[in-house]
Amino acid sequence: MQKPATSQADTESESGYIGRFAPSPTGPLHFGSLLAALASFLDARANQGKWLMRIEDLDPPREPAGSAELILQQLQDFGMNWDDEVLYQSARLGIYEEIVDQLQDKGLAYPCDCTRPQIREMGLVYNGSCRERSTPPERPYALRLKTEALEIGFDDKIQGHFSQQLELDAGDFVIRRKDELYAYQLAVVVDDEFQNITHVVRGWDLLDSTPRQIYLQRVLNYQEMSYIHIPIIVDGKGQKLSKQTFAPSIETDRASEAIYKALIFLGQVPPVEIAIERPESQLQWAIANWDSQAVAKVSSLPLE
Ligand code: GLU
């Protein structure tokens, strides 16, 4: 399978470590996304690595205007400066199209017009029923990647070994949606390769996406990478803290407080004296003392 034309310029680091933060701009950063940003930033910097920024703006209807700029501004206000140019997925649609065409030409991807209720009836995992159809559907359709009866596992540095029987647990998965938008699973794999990412640090909610991404990396002959999935935060009702549950945006004038709290949530032991220091000096301490193994496997701390 052909690789994307070129890699992002300058994506090399002396230590060989290249990490990234890849927010979807569905709103400003909240405490949950700050944690993913901070953990990926600290792990990269503590390993003398690069930390790249990618805006995953694949889904315009869910992206309020100005969110990407807001996120980038928040990160800067928090002292988290990234390397190289920001990569916007909205500028990469032609590349995704090329890859999807290649997968289809090789018979590895196929159209599927099954509806949500139909898939629910299958027991939530898509059963591959459109694999063998000979004529393209007449109504709007998604494109799915064919999976195989393989066990795909990896060793997460915090969560330990995690594996899935791909065909049974995930099923043939969507790489281009019915509304013709490219799917996260496709774009994330193509762009992690493009940016030469070696280390992914992100929220635990994406753990079960990882075997699909590893499978796609193998199909496309891309490099594999190392993973850390940090615990996600739940609110008082046990729901994931996210933009969808209206998690409050973090205020820049309370950056020090938020960073201090985030470090504690990540199992680090910052001295109380730094609680009110400027973000830059808090981060200096945090880089020098970063211990990824101190991050808990699951969140034990619901937000008040
Ligand atoms: N864009 C995804 C999100 O904001 C994260 C993607 C990733 O880190 O792989 O949830």
# chains A, B, ... in the order shown; residues from 1 in each chain; ligands from 1
call {"tool": "residues_near_ligand", "arguments": {"ligand": "ligand 1", "cutoff": "8 Å", "atoms": "only C-alpha atoms and all ligand atoms", "output": "number ranges by chain"}}
result
A: 20-25, 33, 55-56, 184, 188, 200-203, 206
call {"tool": "write_last_selection", "arguments": {"atoms": "N, CA and C atoms", "output": "PDB file, in the first residue's frame"}}
result
ATOM      1  N   ARG A  20       1.956  13.781  20.329  1.00  0.00           N
ATOM      2  CA  ARG A  20       1.012  14.764  19.756  1.00  0.00           C
ATOM      3  C   ARG A  20      -0.195  14.931  20.668  1.00  0.00           C
ATOM      4  N   PHE A  21      -0.887  16.060  20.449  1.00  0.00           N
ATOM      5  CA  PHE A  21      -2.199  16.279  21.042  1.00  0.00           C
ATOM      6  C   PHE A  21      -3.115  16.551  19.863  1.00  0.00           C
ATOM      7  N   ALA A  22      -4.263  15.879  19.845  1.00  0.00           N
ATOM      8  CA  ALA A  22      -5.093  15.910  18.634  1.00  0.00           C
ATOM      9  C   ALA A  22      -6.557  16.183  18.958  1.00  0.00           C
ATOM     10  N   PRO A  23      -6.860  17.366  19.478  1.00  0.00           N
ATOM     11  CA  PRO A  23      -8.242  17.636  19.863  1.00  0.00           C
ATOM     12  C   PRO A  23      -9.189  17.811  18.677  1.00  0.00           C
ATOM     13  N   SER A  24     -10.428  17.394  18.875  1.00  0.00           N
ATOM     14  CA  SER A  24     -11.492  17.739  17.928  1.00  0.00           C
ATOM     15  C   SER A  24     -12.048  19.074  18.409  1.00  0.00           C
ATOM     16  N   PRO A  25     -12.130  20.073  17.552  1.00  0.00           N
ATOM     17  CA  PRO A  25     -12.516  21.415  18.029  1.00  0.00           C
ATOM     18  C   PRO A  25     -14.020  21.566  18.203  1.00  0.00           C
ATOM     19  N   SER A  33     -10.000  17.464  28.718  1.00  0.00           N
ATOM     20  CA  SER A  33      -9.075  17.568  27.585  1.00  0.00           C
ATOM     21  C   SER A  33      -7.751  18.196  28.007  1.00  0.00           C
ATOM     22  N   ILE A  55      -5.239  19.482  14.770  1.00  0.00           N
ATOM     23  CA  ILE A  55      -6.644  19.818  14.997  1.00  0.00           C
ATOM     24  C   ILE A  55      -7.486  18.856  14.154  1.00  0.00           C
ATOM     25  N   GLU A  56      -8.296  18.059  14.831  1.00  0.00           N
ATOM     26  CA  GLU A  56      -9.076  17.027  14.126  1.00  0.00           C
ATOM     27  C   GLU A  56     -10.443  17.601  13.759  1.00  0.00           C
ATOM     28  N   TYR A 184     -13.013   9.334  11.940  1.00  0.00           N
ATOM     29  CA  TYR A 184     -11.883   9.523  12.862  1.00  0.00           C
ATOM     30  C   TYR A 184     -10.863   8.377  12.727  1.00  0.00           C
ATOM     31  N   VAL A 188      -7.081   9.502  11.833  1.00  0.00           N
ATOM     32  CA  VAL A 188      -6.100   9.474  12.923  1.00  0.00           C
ATOM     33  C   VAL A 188      -4.898   8.596  12.534  1.00  0.00           C
ATOM     34  N   VAL A 200       1.643   7.744  21.511  1.00  0.00           N
ATOM     35  CA  VAL A 200       0.304   8.320  21.649  1.00  0.00           C
ATOM     36  C   VAL A 200      -0.074   8.300  23.133  1.00  0.00           C
ATOM     37  N   VAL A 201      -0.428   9.466  23.647  1.00  0.00           N
ATOM     38  CA  VAL A 201      -0.923   9.562  25.031  1.00  0.00           C
ATOM     39  C   VAL A 201      -2.275  10.250  24.931  1.00  0.00           C
ATOM     40  N   ARG A 202      -3.340   9.562  25.355  1.00  0.00           N
ATOM     41  CA  ARG A 202      -4.686  10.133  25.187  1.00  0.00           C
ATOM     42  C   ARG A 202      -5.631   9.492  26.200  1.00  0.00           C
ATOM     43  N   GLY A 203      -6.892   9.850  26.121  1.00  0.00           N
ATOM     44  CA  GLY A 203      -7.870   9.396  27.108  1.00  0.00           C
ATOM     45  C   GLY A 203      -8.230   7.929  26.936  1.00  0.00           C
ATOM     46  N   LEU A 206     -10.511   6.044  24.350  1.00  0.00           N
ATOM     47  CA  LEU A 206     -10.085   5.626  23.005  1.00  0.00           C
ATOM     48  C   LEU A 206      -9.341   4.287  23.018  1.00  0.00           C
TER      49      LEU A 206
END
call {"tool": "residues_around", "arguments": {"residues": "Ala142 (chain A)", "least_positions_apart": "5", "cutoff": "8 Å", "atoms": "only C-alpha atoms", "output": "NGL selection string"}}
result
:A and (111-113 or 174-180)
call {"tool": "select_by_dssp", "arguments": {"residues": "region 86-258 of chain A", "states": "alpha helix (DSSP H)", "output": "PyMOL selection string"}}
result
chain A and resi 93-105+116-121+184-194+210-219+255-258
call {"tool": "select_by_dssp", "arguments": {"residues": "region 42-216 of chain A", "states": "strand (DSSP E or B)", "output": "JSON, numbers by chain"}}
result
{"A": [50, 51, 52, 53, 54, 55, 83, 84, 85, 86, 87, 88, 109, 110, 111, 112, 142, 143, 144, 145, 151, 152, 153, 154, 155, 156, 160, 161, 162, 163, 164, 165, 173, 174, 175, 176, 182, 199, 200, 201, 202, 203]}
call {"tool": "residues_around", "arguments": {"residues": "Leu29 (chain A)", "least_positions_apart": "4", "cutoff": "8 Å", "atoms": "only C-alpha atoms", "output": "JSON, numbers by chain"}}
result
{"A": [33, 34, 71, 74, 249, 250]}
call {"tool": "closest_residue", "arguments": {"among": "A:Ala187, A:Glu273, A:Leu58, A:Glu14", "to": "Gln217 (chain A)", "atoms": "only C-alpha atoms"}}
result
A:Ala187
call {"tool": "residues_around", "arguments": {"residues": "Leu216 (chain A)", "least_positions_apart": "2", "cutoff": "12 Å", "atoms": "only C-alpha atoms", "output": "PyMOL selection string"}}
result
chain A and resi 1+99-100+103+108-109+144-148+152+166+172-175+185-190+192-193+209-214+218-224
call {"tool": "closest_residue", "arguments": {"among": "A:Gln293, A:Ser256, A:Gln102, A:Ser67", "to": "Val272 (chain A)", "atoms": "only C-alpha atoms"}}
result
A:Ser256
call {"tool": "closest_residue", "arguments": {"among": "A:Pro28, A:Leu93, A:Asp156, A:Val269", "to": "Leu70 (chain A)", "atoms": "only C-alpha atoms"}}
result
A:Pro28
call {"tool": "atom_distance", "arguments": {"atom1": "CA of Glu63 (chain A)", "atom2": "CA of Asp191 (chain A)"}}
result
19.6 Å
call {"tool": "atom_distance", "arguments": {"atom1": "CA of Tyr227 (chain A)", "atom2": "CA of Pro60 (chain A)"}}
result
28.1 Å
call {"tool": "closest_residue", "arguments": {"among": "A:Thr198, A:Gly123, A:Arg133, A:Ser90", "to": "Trp51 (chain A)", "atoms": "only C-alpha atoms"}}
result
A:Thr198
call {"tool": "atom_distance", "arguments": {"atom1": "CA of Ile230 (chain A)", "atom2": "CA of Ala296 (chain A)"}}
result
7.6 Å
call {"tool": "residues_around", "arguments": {"residues": "Ile276 (chain A)", "least_positions_apart": "5", "cutoff": "10 Å", "atoms": "only C-alpha atoms", "output": "list in words"}}
result
Arg254, Ala255, Ser256, Glu257, Ile259, Tyr260, Ser281 and Gln282 of chain A
call {"tool": "write_last_selection", "arguments": {"atoms": "N, CA, C and O atoms", "output": "compact mmCIF listing (two decimals), in the first residue's frame"}}
result
# COMPACT_ATOMS: atom_id res chain seq x y z
N ARG A 254 -7.29 31.08 35.74
CA ARG A 254 -7.13 30.08 36.80
C ARG A 254 -6.24 28.94 36.32
O ARG A 254 -6.35 27.81 36.78
N ALA A 255 -5.33 29.27 35.40
CA ALA A 255 -4.47 28.25 34.80
C ALA A 255 -3.64 27.50 35.85
O ALA A 255 -3.56 26.27 35.83
N SER A 256 -3.05 28.25 36.78
CA SER A 256 -2.18 27.61 37.76
C SER A 256 -2.96 26.60 38.60
O SER A 256 -2.49 25.49 38.87
N GLU A 257 -4.15 27.01 38.97
CA GLU A 257 -4.99 26.11 39.79
C GLU A 257 -5.33 24.85 39.00
O GLU A 257 -5.26 23.73 39.52
N ILE A 259 -3.72 23.52 36.41
CA ILE A 259 -2.55 22.67 36.17
C ILE A 259 -2.18 21.89 37.44
O ILE A 259 -1.90 20.69 37.40
N TYR A 260 -2.23 22.57 38.56
CA TYR A 260 -1.90 21.91 39.83
C TYR A 260 -2.85 20.74 40.08
O TYR A 260 -2.44 19.63 40.39
N SER A 281 6.49 27.76 35.22
CA SER A 281 7.37 27.13 36.21
C SER A 281 6.75 25.86 36.78
O SER A 281 7.47 24.91 37.12
N GLN A 282 5.42 25.81 36.82
CA GLN A 282 4.79 24.54 37.23
C GLN A 282 5.17 23.43 36.24
O GLN A 282 5.48 22.31 36.62
